[in-house]
$ cat upload-v5.csv   # CSV, C-alpha atoms
chain,number,residue,atom,x,y,z
D,1,MET,CA,-2.8,-11.9,23.2
D,2,THR,CA,-5.2,-10.7,20.4
D,3,ILE,CA,-6.1,-7.2,19.3
D,4,ASP,CA,-9.4,-6.9,17.4
D,5,PRO,CA,-8.6,-4.6,14.4
D,6,SER,CA,-12.2,-3.2,14.6
D,7,LYS,CA,-11.3,-1.7,18.0
D,8,ILE,CA,-8.1,0.0,17.1
D,9,SER,CA,-9.6,3.3,15.8
D,10,THR,CA,-11.9,3.6,18.8
D,11,SER,CA,-9.7,2.1,21.5
D,12,ILE,CA,-9.1,4.0,24.7
D,13,THR,CA,-5.8,2.2,25.0
D,14,PRO,CA,-3.2,3.2,22.3
D,15,PHE,CA,-0.4,0.7,21.7
D,16,ALA,CA,2.6,0.4,19.4
D,17,MET,CA,4.4,-2.6,17.9
D,18,ILE,CA,8.0,-2.2,18.9
D,19,ASP,CA,9.6,-5.5,17.8
D,20,LYS,CA,11.6,-3.6,15.2
D,21,HIS,CA,13.1,-1.4,17.9
D,22,SER,CA,13.5,-4.0,20.6
D,23,ALA,CA,16.7,-5.7,21.6
D,24,LEU,CA,14.9,-9.0,21.3
D,25,PRO,CA,12.8,-8.6,18.1
D,26,GLN,CA,11.9,-12.3,18.2
D,27,GLN,CA,9.6,-11.7,21.2
D,28,GLN,CA,7.3,-9.5,19.1
D,29,GLU,CA,6.9,-6.9,21.9
D,30,ILE,CA,4.0,-4.5,22.1
D,31,LEU,CA,4.1,-1.3,24.1
D,32,PHE,CA,0.8,-0.3,25.8
D,33,THR,CA,-0.1,2.8,27.8
D,34,MET,CA,-0.2,2.4,31.6
D,35,HIS,CA,-4.0,2.5,31.8
D,36,SER,CA,-4.5,-0.5,29.5
D,37,VAL,CA,-7.3,-2.9,30.3
D,38,PHE,CA,-7.6,-6.4,29.0
D,39,GLY,CA,-10.3,-9.0,29.2
D,40,ILE,CA,-9.4,-12.6,30.0
D,41,VAL,CA,-10.7,-14.9,27.2
D,42,GLU,CA,-9.4,-18.2,28.4
D,43,ILE,CA,-6.9,-19.8,30.9
D,44,THR,CA,-5.4,-23.1,29.9
D,45,GLN,CA,-2.7,-25.3,31.4
D,46,THR,CA,0.2,-26.0,29.0
D,47,PRO,CA,0.4,-29.7,28.0
D,48,SER,CA,4.2,-29.7,28.2
D,49,ASN,CA,4.5,-28.3,31.7
D,50,SER,CA,1.8,-28.6,34.3
D,51,ARG,CA,3.3,-25.7,36.3
D,52,LEU,CA,2.7,-23.2,33.4
D,53,TRP,CA,-0.6,-21.7,32.4
D,54,GLU,CA,-1.4,-19.8,29.2
D,55,VAL,CA,-3.7,-16.8,29.5
D,56,GLN,CA,-5.4,-15.4,26.4
D,57,LEU,CA,-6.1,-11.7,26.6
D,58,THR,CA,-8.0,-9.3,24.4
D,59,ILE,CA,-7.8,-5.6,24.5
D,60,THR,CA,-11.0,-3.7,25.5
D,61,ASP,CA,-12.4,-0.4,24.3
D,62,GLU,CA,-15.1,2.0,25.4
D,63,SER,CA,-17.8,-0.1,23.9
D,64,ASP,CA,-17.0,-3.1,26.2
D,65,LEU,CA,-20.2,-3.6,28.3
D,66,GLN,CA,-18.4,-5.4,31.2
D,67,LEU,CA,-15.7,-2.8,31.4
D,68,SER,CA,-18.3,0.0,31.3
D,69,THR,CA,-20.3,-1.7,34.1
D,70,LEU,CA,-17.2,-2.2,36.3
D,71,THR,CA,-16.1,1.4,35.7
D,72,ASN,CA,-19.5,2.8,36.6
D,73,ARG,CA,-19.7,0.7,39.7
D,74,ILE,CA,-16.3,1.9,40.9
D,75,LYS,CA,-17.4,5.5,40.3
D,76,GLU,CA,-20.5,4.8,42.5
D,77,GLU,CA,-18.3,3.4,45.2
D,78,VAL,CA,-16.0,6.4,45.4
D,79,GLN,CA,-18.4,9.2,44.5
D,80,GLY,CA,-18.0,12.4,46.5
D,81,SER,CA,-14.2,12.0,46.6
D,82,ASN,CA,-11.5,13.5,44.5
D,83,GLY,CA,-7.8,13.0,43.8
D,84,TRP,CA,-5.9,11.0,46.4
D,85,TYR,CA,-9.0,10.8,48.6
D,86,ARG,CA,-10.7,8.8,45.9
D,87,MET,CA,-7.7,6.5,45.6
D,88,GLY,CA,-7.8,6.0,49.4
D,89,LYS,CA,-11.5,5.2,49.4
D,90,LEU,CA,-11.0,2.7,46.5
D,91,MET,CA,-8.2,1.0,48.4
D,92,LEU,CA,-10.5,0.5,51.3
D,93,GLN,CA,-13.2,-0.9,49.1
D,94,VAL,CA,-10.9,-3.5,47.6
D,95,GLY,CA,-9.3,-4.4,51.0
D,96,HIS,CA,-5.8,-2.9,50.4
D,97,PHE,CA,-5.6,-1.6,54.0
D,98,ASP,CA,-1.9,-1.2,54.3
D,99,GLN,CA,-1.7,0.9,51.2
D,100,ALA,CA,-4.7,2.9,52.3
D,101,GLU,CA,-3.2,3.6,55.7
D,102,GLU,CA,0.0,4.7,54.2
D,103,LEU,CA,-1.8,7.1,51.9
D,104,TYR,CA,-4.1,8.5,54.6
D,105,ASN,CA,-1.2,9.1,56.9
D,106,GLU,CA,0.6,11.1,54.2
D,107,LEU,CA,-2.6,13.0,53.5
D,108,LEU,CA,-3.0,13.7,57.2
D,109,LYS,CA,0.4,15.4,57.3
D,110,GLY,CA,-0.6,17.8,54.5
D,111,ALA,CA,-4.2,18.4,55.6
D,112,PHE,CA,-5.1,22.1,55.3
D,113,ASP,CA,-7.9,22.3,57.8
D,114,ASP,CA,-10.1,20.3,60.3
D,115,ARG,CA,-12.5,19.4,57.5
D,116,GLU,CA,-9.8,17.4,55.7
D,117,ARG,CA,-8.5,15.9,59.0
D,118,ALA,CA,-12.1,14.9,60.0
D,119,HIS,CA,-12.5,13.0,56.7
D,120,ILE,CA,-9.2,11.2,57.1
D,121,TYR,CA,-9.9,10.3,60.7
D,122,HIS,CA,-13.2,8.8,59.6
D,123,GLN,CA,-11.6,6.7,56.9
D,124,LEU,CA,-8.9,5.5,59.3
D,125,GLY,CA,-11.6,4.6,61.8
D,126,VAL,CA,-13.5,2.6,59.2
D,127,MET,CA,-10.3,0.9,58.0
D,128,ASN,CA,-9.2,-0.2,61.5
D,129,TYR,CA,-12.7,-1.3,62.4
D,130,HIS,CA,-12.9,-3.7,59.4
D,131,GLN,CA,-9.5,-5.1,60.4
D,132,GLY,CA,-10.6,-5.8,63.9
D,133,LYS,CA,-8.3,-3.2,65.3
D,134,TYR,CA,-10.9,-1.7,67.6
D,135,GLN,CA,-8.7,0.3,69.9
D,136,GLU,CA,-7.2,2.1,66.9
D,137,ALA,CA,-10.7,2.6,65.4
D,138,VAL,CA,-12.0,4.2,68.6
D,139,LYS,CA,-9.0,6.5,68.7
D,140,PHE,CA,-9.7,7.8,65.2
D,141,TYR,CA,-13.5,8.1,65.7
D,142,GLU,CA,-12.9,10.0,68.9
D,143,LYS,CA,-10.6,12.5,67.0
D,144,LEU,CA,-13.3,12.9,64.4
D,145,LEU,CA,-15.9,13.6,67.1
D,146,GLU,CA,-13.6,16.1,68.8
D,147,ILE,CA,-13.3,18.1,65.6
D,148,LYS,CA,-17.0,18.0,64.9
D,149,ARG,CA,-17.9,19.2,68.5
D,150,LYS,CA,-15.6,22.2,68.1
D,151,THR,CA,-18.1,23.9,65.7
D,152,LEU,CA,-21.3,22.0,66.0
D,153,PRO,CA,-24.0,22.0,68.7
D,154,GLU,CA,-24.3,18.9,70.8
D,155,ASP,CA,-27.6,17.9,69.1
D,156,ASP,CA,-26.4,18.4,65.5
D,157,ALA,CA,-27.6,15.5,63.3
D,158,SER,CA,-24.1,14.9,61.8
D,159,LEU,CA,-22.9,13.8,65.3
D,160,ALA,CA,-25.3,10.8,65.4
D,161,PRO,CA,-23.4,8.6,62.9
D,162,THR,CA,-20.1,9.2,64.7
D,163,TYR,CA,-21.6,8.2,68.1
D,164,SER,CA,-23.1,5.1,66.4
D,165,SER,CA,-19.7,4.2,65.0
D,166,ILE,CA,-18.0,4.5,68.3
D,167,GLY,CA,-20.8,2.5,70.0
D,168,GLN,CA,-20.4,-0.3,67.4
D,169,VAL,CA,-16.7,-0.5,68.1
D,170,TYR,CA,-17.2,-0.7,71.9
D,171,ASP,CA,-20.0,-3.3,71.3
D,172,ASN,CA,-17.5,-5.5,69.4
D,173,MET,CA,-14.9,-5.0,72.1
D,174,GLY,CA,-17.4,-6.2,74.8
D,175,GLU,CA,-17.4,-2.9,76.5
D,176,TYR,CA,-21.2,-2.8,76.6
D,177,SER,CA,-21.7,0.1,79.0
D,178,LYS,CA,-19.7,2.4,76.8
D,179,ALA,CA,-21.5,1.0,73.7
D,180,LEU,CA,-24.9,1.8,75.3
D,181,GLU,CA,-23.8,5.3,76.2
D,182,CYS,CA,-22.8,6.1,72.6
D,183,TYR,CA,-25.8,4.4,71.1
D,184,GLY,CA,-28.0,6.4,73.5
D,185,LYS,CA,-26.4,9.7,72.5
D,186,SER,CA,-26.9,8.9,68.9
D,187,LEU,CA,-30.5,8.0,69.5
D,188,LYS,CA,-31.2,11.2,71.4
D,189,ILE,CA,-29.9,13.3,68.5
D,190,LYS,CA,-31.9,11.3,66.0
D,191,GLU,CA,-35.1,11.8,68.0
D,192,ILE,CA,-34.6,15.5,67.8
D,193,SER,CA,-33.6,15.8,64.2
D,194,LEU,CA,-35.6,13.0,62.5
D,195,PRO,CA,-39.4,12.2,62.2
D,196,PRO,CA,-40.6,9.5,64.6
D,197,ASN,CA,-41.0,6.9,61.8
D,198,HIS,CA,-37.6,7.4,60.2
D,199,PRO,CA,-35.7,4.0,59.5
D,200,SER,CA,-32.6,5.3,61.2
D,201,LEU,CA,-34.4,5.3,64.6
D,202,ALA,CA,-35.2,1.7,64.1
D,203,SER,CA,-31.5,1.0,63.5
D,204,SER,CA,-30.6,2.7,66.8
D,205,TYR,CA,-33.3,0.7,68.7
D,206,SER,CA,-31.9,-2.5,67.1
D,207,CYS,CA,-28.3,-1.6,68.1
D,208,ILE,CA,-29.3,-0.8,71.7
D,209,GLY,CA,-31.5,-4.0,71.9
D,210,GLY,CA,-28.6,-6.1,70.7
D,211,VAL,CA,-26.1,-5.0,73.3
$ encode --input "upload-v5.csv" --output "structure tokens"
Amino acid sequence: MTIDPSKISTSITPFAMIDKHSALPQQQEILFTMHSVFGIVEITQTPSNSRLWEVQLTITDESDLQLSTLTNRIKEEVQGSNGWYRMGKLMLQVGHFDQAEELYNELLKGAFDDRERAHIYHQLGVMNYHQGKYQEAVKFYEKLLEIKRKTLPEDDASLAPTYSSIGQVYDNMGEYSKALECYGKSLKIKEISLPPNHPSLASSYSCIGGV
């Protein structure tokens, strides 16, 4: 592990050499904050033991272009979220479905209103769909739809994506009549709320044609 002295003053990751205070001073321990980020410089196999690999790390700072690019990309992926909801969305993005499900179930218990519950049902529907758990996905999408229909007219534009999502799940399940019904409802809403040349209409036609 190397630490570039030129980055110490501007580093976003403070650290401390604690070998003088450690029970094992010969190990030259370094204490880093929990949000430390390192770049991998090189990975080599040790010549004395083929089962061991040596990883050379270097600390990063705010001027690191790769770190900045990655951070900005993550922000784009989870934009519009906040707090634990951002964490759940990020877990879905990286495929940590079990942790995401556990988090969303806890958030569901403490949800203050239907708006929060609707968001959680949507995320759980997406998560189960991507895992191939179609029955569970339909269940959560239907709960989302039920909440929306409480306060919205039947032709509200925000209902169209939910009908499309349900139709997509039924399509993957081989329940084509239900898929066509949902795709049809989505298309009907789009035809009312969107101009005739809108790309979303083409998407609906494609879904219906593919059933």
$ atom_distance --input "upload-v5.csv" --atom1 "atom CA of Trp84 of chain D" --atom2 "atom CA of Ser63 of chain D"
27.8 Å
$ residues_around --input "upload-v5.csv" --residues "segment 155-170 of chain D" --least-positions-apart "4" --cutoff "8 Å" --atoms "only C-alpha atoms" --output "MDAnalysis selection string"
chainID D and resid 129 134 137:138 141:142 144:145 148 174:176 178:183 185:190 192:193 204
$ closest_residue --input "upload-v5.csv" --among "D:Met127, D:Ala202, D:Val37, D:Met17" --to "Glu102 of chain D" --atoms "only C-alpha atoms"
D:Met127
$ closest_residue --input "upload-v5.csv" --among "D:Thr46, D:Gln135, D:Asn128, D:Thr58" --to "Phe97 of chain D" --atoms "all atoms listed in the file"
D:Asn128
$ closest_residue --input "upload-v5.csv" --among "D:Gln99, D:Asn197, D:Ser68, D:Thr44" --to "Gln56 of chain D" --atoms "only C-alpha atoms"
D:Thr44
$ closest_residue --input "upload-v5.csv" --among "D:Ile147, D:Val211, D:Leu152, D:Leu52" --to "Arg117 of chain D" --atoms "all atoms listed in the file"
D:Ile147
$ atom_distance --input "upload-v5.csv" --atom1 "atom CA of Cys207 of chain D" --atom2 "atom CA of Ser177 of chain D"
12.9 Å
$ atom_distance --input "upload-v5.csv" --atom1 "atom CA of Phe112 of chain D" --atom2 "atom CA of Gln131 of chain D"
28.0 Å
